[in-house]
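*Asks:* My structure is below; once you've seen it, I'll send some questions.
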Amino acid sequence: MFKFLSKKFYISFFVVVLIYILDRLTKIFIIQLDKNSLGSDIFNSAYLNIVLIWNKGIAFGLFSFEESYLYNILSFIISIIVFILVIMSVKSKGFKRYSLLMIVGGALGNLHDRIFFNAVPDFIDFH
């Protein structure tokens with residue numbers, strides 16, 4: 001009956017929470033750096049830029065909407081995808097399981113941003 005309260009459950013839960021907390025901390029740090037430096041260009045190099053951009057869409061700003069109902073629909077679809085990823089991780093084993101759990105932790109962080117900021121702060125730019 002309480003099979004989900006096994007050692008595997010606790011490790012999986014810890015992975016999701018750890019990634020979620022790291023996601024939140026890095027975003028809070030970058031947002032504070034942006035506020036303190038009065039600009040979104042935080043770090044520039046030949047291969048990596050740290051630039052704060054508020055993404056209202058999905059990956060790379062795709063499907064950015066100004067209408068709140070479309071934004072809410074998109075957020076609901078993302079919630080469904082997170083739920084599907086949780087189910088997939090429960091059915092997976094080994095490296096695949098933990099990879100999916102890390103994606104879930106990051107996706108929950110992004111969902112948190114969508115709810116509280118109406119956008120996701122993106123800041124890593126590899127080139």
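By convention here, the chains of the structure tokens are called A, B, ... in the order presented, each chain's residues are numbered starting at 1, and ligands are numbered starting at 1 in the order presented.
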Could you give me the residues within chain A that DSSP places in helix (DSSP H, G or I), as an NGL selection string?
*Replies:* :A and (3-5 or 7-37 or 59-61 or 68-91 or 94-117)
*Asks:* Got time to write the residues from that selection, C-alpha atoms, as a PDB file, in the first residue's frame?
*Replies:*
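Result file out_36.pdb:
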ATOM      1  CA  LYS A   3       5.167   1.247  -1.823  1.00  0.00           C
ATOM      2  CA  PHE A   4       5.716   4.823  -3.013  1.00  0.00           C
ATOM      3  CA  LEU A   5       7.338   5.641   0.346  1.00  0.00           C
ATOM      4  CA  LYS A   7      13.991   4.577  -0.550  1.00  0.00           C
ATOM      5  CA  LYS A   8      13.684   5.124  -4.308  1.00  0.00           C
ATOM      6  CA  PHE A   9      10.800   7.552  -3.732  1.00  0.00           C
ATOM      7  CA  TYR A  10      12.782   9.610  -1.226  1.00  0.00           C
ATOM      8  CA  ILE A  11      15.827   9.783  -3.504  1.00  0.00           C
ATOM      9  CA  SER A  12      13.647  10.798  -6.447  1.00  0.00           C
ATOM     10  CA  PHE A  13      11.866  13.422  -4.369  1.00  0.00           C
ATOM     11  CA  PHE A  14      15.234  14.751  -3.148  1.00  0.00           C
ATOM     12  CA  VAL A  15      16.526  15.081  -6.735  1.00  0.00           C
ATOM     13  CA  VAL A  16      13.445  17.065  -7.812  1.00  0.00           C
ATOM     14  CA  VAL A  17      13.589  19.348  -4.753  1.00  0.00           C
ATOM     15  CA  LEU A  18      17.352  19.881  -5.115  1.00  0.00           C
ATOM     16  CA  ILE A  19      17.052  20.907  -8.776  1.00  0.00           C
ATOM     17  CA  TYR A  20      14.052  23.123  -7.985  1.00  0.00           C
ATOM     18  CA  ILE A  21      15.972  24.897  -5.198  1.00  0.00           C
ATOM     19  CA  LEU A  22      19.073  25.334  -7.386  1.00  0.00           C
ATOM     20  CA  ASP A  23      16.852  26.750 -10.136  1.00  0.00           C
ATOM     21  CA  ARG A  24      15.249  29.231  -7.750  1.00  0.00           C
ATOM     22  CA  LEU A  25      18.564  30.291  -6.175  1.00  0.00           C
ATOM     23  CA  THR A  26      20.321  30.894  -9.494  1.00  0.00           C
ATOM     24  CA  LYS A  27      17.389  32.906 -10.838  1.00  0.00           C
ATOM     25  CA  ILE A  28      17.125  34.995  -7.664  1.00  0.00           C
ATOM     26  CA  PHE A  29      20.887  35.630  -7.815  1.00  0.00           C
ATOM     27  CA  ILE A  30      20.779  36.729 -11.469  1.00  0.00           C
ATOM     28  CA  ILE A  31      17.723  38.941 -10.899  1.00  0.00           C
ATOM     29  CA  GLN A  32      19.507  40.632  -7.969  1.00  0.00           C
ATOM     30  CA  LEU A  33      22.659  41.101 -10.063  1.00  0.00           C
ATOM     31  CA  ASP A  34      20.514  42.667 -12.777  1.00  0.00           C
ATOM     32  CA  LYS A  35      18.909  45.048 -10.277  1.00  0.00           C
ATOM     33  CA  ASN A  36      22.246  45.989  -8.713  1.00  0.00           C
ATOM     34  CA  SER A  37      24.120  46.522 -11.978  1.00  0.00           C
ATOM     35  CA  ALA A  59      11.809  27.661 -25.447  1.00  0.00           C
ATOM     36  CA  PHE A  60      13.665  30.604 -27.016  1.00  0.00           C
ATOM     37  CA  GLY A  61      10.605  32.855 -26.673  1.00  0.00           C
ATOM     38  CA  SER A  68      -3.439  36.545 -20.635  1.00  0.00           C
ATOM     39  CA  TYR A  69      -5.852  33.744 -21.544  1.00  0.00           C
ATOM     40  CA  LEU A  70      -3.421  32.363 -24.161  1.00  0.00           C
ATOM     41  CA  TYR A  71      -0.587  32.627 -21.645  1.00  0.00           C
ATOM     42  CA  ASN A  72      -2.715  30.756 -19.086  1.00  0.00           C
ATOM     43  CA  ILE A  73      -3.540  28.032 -21.622  1.00  0.00           C
ATOM     44  CA  LEU A  74       0.147  27.651 -22.413  1.00  0.00           C
ATOM     45  CA  SER A  75       0.954  27.419 -18.685  1.00  0.00           C
ATOM     46  CA  PHE A  76      -1.751  24.757 -18.253  1.00  0.00           C
ATOM     47  CA  ILE A  77      -0.308  22.725 -21.135  1.00  0.00           C
ATOM     48  CA  ILE A  78       3.134  22.974 -19.520  1.00  0.00           C
ATOM     49  CA  SER A  79       1.608  21.698 -16.245  1.00  0.00           C
ATOM     50  CA  ILE A  80       0.216  18.674 -18.085  1.00  0.00           C
ATOM     51  CA  ILE A  81       3.630  18.015 -19.634  1.00  0.00           C
ATOM     52  CA  VAL A  82       5.264  18.163 -16.185  1.00  0.00           C
ATOM     53  CA  PHE A  83       2.714  15.632 -14.921  1.00  0.00           C
ATOM     54  CA  ILE A  84       3.474  13.341 -17.882  1.00  0.00           C
ATOM     55  CA  LEU A  85       7.203  13.644 -17.142  1.00  0.00           C
ATOM     56  CA  VAL A  86       6.559  12.590 -13.541  1.00  0.00           C
ATOM     57  CA  ILE A  87       4.680   9.507 -14.762  1.00  0.00           C
ATOM     58  CA  MET A  88       7.484   8.725 -17.214  1.00  0.00           C
ATOM     59  CA  SER A  89      10.085   9.017 -14.457  1.00  0.00           C
ATOM     60  CA  VAL A  90       8.145   6.645 -12.205  1.00  0.00           C
ATOM     61  CA  LYS A  91       8.167   4.032 -14.976  1.00  0.00           C
ATOM     62  CA  GLY A  94      18.596   4.296 -13.828  1.00  0.00           C
ATOM     63  CA  PHE A  95      20.053   7.255 -15.699  1.00  0.00           C
ATOM     64  CA  LYS A  96      16.848   7.902 -17.650  1.00  0.00           C
ATOM     65  CA  ARG A  97      14.852   8.196 -14.414  1.00  0.00           C
ATOM     66  CA  TYR A  98      17.184  10.744 -12.864  1.00  0.00           C
ATOM     67  CA  SER A  99      17.451  12.692 -16.101  1.00  0.00           C
ATOM     68  CA  LEU A 100      13.663  12.993 -16.204  1.00  0.00           C
ATOM     69  CA  LEU A 101      13.576  13.973 -12.519  1.00  0.00           C
ATOM     70  CA  MET A 102      16.075  16.779 -13.162  1.00  0.00           C
ATOM     71  CA  ILE A 103      13.898  18.015 -16.031  1.00  0.00           C
ATOM     72  CA  VAL A 104      10.867  17.911 -13.719  1.00  0.00           C
ATOM     73  CA  GLY A 105      12.718  19.961 -11.076  1.00  0.00           C
ATOM     74  CA  GLY A 106      13.673  22.607 -13.643  1.00  0.00           C
ATOM     75  CA  ALA A 107      10.199  22.599 -15.162  1.00  0.00           C
ATOM     76  CA  LEU A 108       8.654  23.160 -11.735  1.00  0.00           C
ATOM     77  CA  GLY A 109      11.008  26.110 -11.253  1.00  0.00           C
ATOM     78  CA  ASN A 110       9.888  27.552 -14.591  1.00  0.00           C
ATOM     79  CA  LEU A 111       6.240  26.943 -13.710  1.00  0.00           C
ATOM     80  CA  HIS A 112       6.811  28.810 -10.435  1.00  0.00           C
ATOM     81  CA  ASP A 113       8.195  31.753 -12.429  1.00  0.00           C
ATOM     82  CA  ARG A 114       5.242  31.671 -14.833  1.00  0.00           C
ATOM     83  CA  ILE A 115       2.798  31.849 -11.928  1.00  0.00           C
ATOM     84  CA  PHE A 116       4.558  34.542  -9.882  1.00  0.00           C
ATOM     85  CA  PHE A 117       6.344  36.632 -12.558  1.00  0.00           C
TER      86      PHE A 117
END
*Asks:* Could you list, as a PyMOL selection string, every residue within 6 Å of Ala119 of chain A, counting only C-alpha atoms and ignoring same-chain residues fewer than 4 positions away?
*Replies:* chain A and resi 54-56+114
*Asks:* So that I have them on file, write out the residues from the current selection with all heavy atoms, as a JSON list (two decimals), in the first residue's frame.
*Replies:*
[["chain", "number", "residue", "atom", "x", "y", "z"],
["A", 54, "TRP", "N", 13.50, 38.14, -19.93],
["A", 54, "TRP", "CA", 12.24, 37.62, -19.40],
["A", 54, "TRP", "C", 11.48, 36.97, -20.54],
["A", 54, "TRP", "O", 11.00, 37.65, -21.44],
["A", 54, "TRP", "CB", 11.43, 38.72, -18.73],
["A", 54, "TRP", "CG", 12.07, 39.17, -17.47],
["A", 54, "TRP", "CD1", 12.92, 40.20, -17.30],
["A", 54, "TRP", "CD2", 11.93, 38.54, -16.19],
["A", 54, "TRP", "NE1", 13.32, 40.28, -15.99],
["A", 54, "TRP", "CE2", 12.72, 39.28, -15.28],
["A", 54, "TRP", "CE3", 11.21, 37.45, -15.72],
["A", 54, "TRP", "CZ2", 12.82, 38.95, -13.94],
["A", 54, "TRP", "CZ3", 11.30, 37.13, -14.38],
["A", 54, "TRP", "CH2", 12.10, 37.87, -13.50],
["A", 55, "ASN", "N", 11.37, 35.65, -20.50],
["A", 55, "ASN", "CA", 10.76, 34.87, -21.57],
["A", 55, "ASN", "C", 9.29, 34.61, -21.23],
["A", 55, "ASN", "O", 8.99, 33.92, -20.26],
["A", 55, "ASN", "CB", 11.53, 33.55, -21.71],
["A", 55, "ASN", "CG", 11.02, 32.68, -22.82],
["A", 55, "ASN", "OD1", 10.06, 33.00, -23.49],
["A", 55, "ASN", "ND2", 11.68, 31.55, -23.00],
["A", 56, "LYS", "N", 8.37, 35.12, -22.05],
["A", 56, "LYS", "CA", 6.94, 34.91, -21.83],
["A", 56, "LYS", "C", 6.39, 33.75, -22.64],
["A", 56, "LYS", "O", 5.22, 33.41, -22.54],
["A", 56, "LYS", "CB", 6.16, 36.18, -22.15],
["A", 56, "LYS", "CG", 6.44, 37.29, -21.17],
["A", 56, "LYS", "CD", 5.51, 38.43, -21.37],
["A", 56, "LYS", "CE", 5.76, 39.45, -20.28],
["A", 56, "LYS", "NZ", 4.69, 40.40, -20.15],
["A", 114, "ARG", "N", 6.41, 31.32, -14.02],
["A", 114, "ARG", "CA", 5.24, 31.67, -14.83],
["A", 114, "ARG", "C", 4.08, 32.14, -13.96],
["A", 114, "ARG", "O", 3.38, 33.07, -14.30],
["A", 114, "ARG", "CB", 4.77, 30.48, -15.66],
["A", 114, "ARG", "CG", 5.68, 30.13, -16.77],
["A", 114, "ARG", "CD", 5.13, 28.95, -17.56],
["A", 114, "ARG", "NE", 5.71, 28.99, -18.88],
["A", 114, "ARG", "CZ", 5.30, 29.78, -19.85],
["A", 114, "ARG", "NH1", 4.29, 30.57, -19.67],
["A", 114, "ARG", "NH2", 5.90, 29.78, -21.02]]
*Asks:* To one decimal place, how far is atom CA of Val51 of chain A from atom CA of Asn118 of chain A in Å?
*Replies:* 18.6 Å
*Asks:* Hey, can you check how far atom CA of Phe123 of chain A sits from atom CA of Gly57 of chain A?
*Replies:*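 Atom CA of Gly57 of chain A lies at a distance of 14.6 Å from atom CA of Phe123 of chain A.
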*Asks:* Using backbone DSSP assignments, extract all strand (DSSP E or B) residues from chain A; output them as a PyMOL selection string.
*Replies:* chain A and resi 41-44+48-55+120-126
*Asks:* Skipping near chain neighbours, those fewer than 3 positions away, what residues fall within 10 Å of segment 47-49 of chain A using only C-alpha atoms, listed as a list in words?
*Replies:*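 After dropping sequence-adjacent residues, the list is Asp41, Ile42, Phe43, Asn44, Leu52, Phe123, Ile124, Asp125, Phe126 and His127 of chain A.
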*Asks:* Please, could you write that set of residues out with C-alpha atoms as a PDB file, in the first residue's frame?
*Replies:*
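Output below, filename selection_39.pdb:
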ATOM      1  CA  ASP A  41      24.348  42.375 -19.493  1.00  0.00           C
ATOM      2  CA  ILE A  42      25.885  40.663 -16.487  1.00  0.00           C
ATOM      3  CA  PHE A  43      28.815  38.732 -18.019  1.00  0.00           C
ATOM      4  CA  ASN A  44      30.215  38.465 -21.557  1.00  0.00           C
ATOM      5  CA  LEU A  52      18.796  38.387 -18.175  1.00  0.00           C
ATOM      6  CA  PHE A 123      20.076  34.115 -18.570  1.00  0.00           C
ATOM      7  CA  ILE A 124      22.475  31.580 -20.087  1.00  0.00           C
ATOM      8  CA  ASP A 125      23.528  32.306 -23.670  1.00  0.00           C
ATOM      9  CA  PHE A 126      26.070  29.880 -25.219  1.00  0.00           C
ATOM     10  CA  HIS A 127      27.415  30.839 -28.622  1.00  0.00           C
TER      11      HIS A 127
END
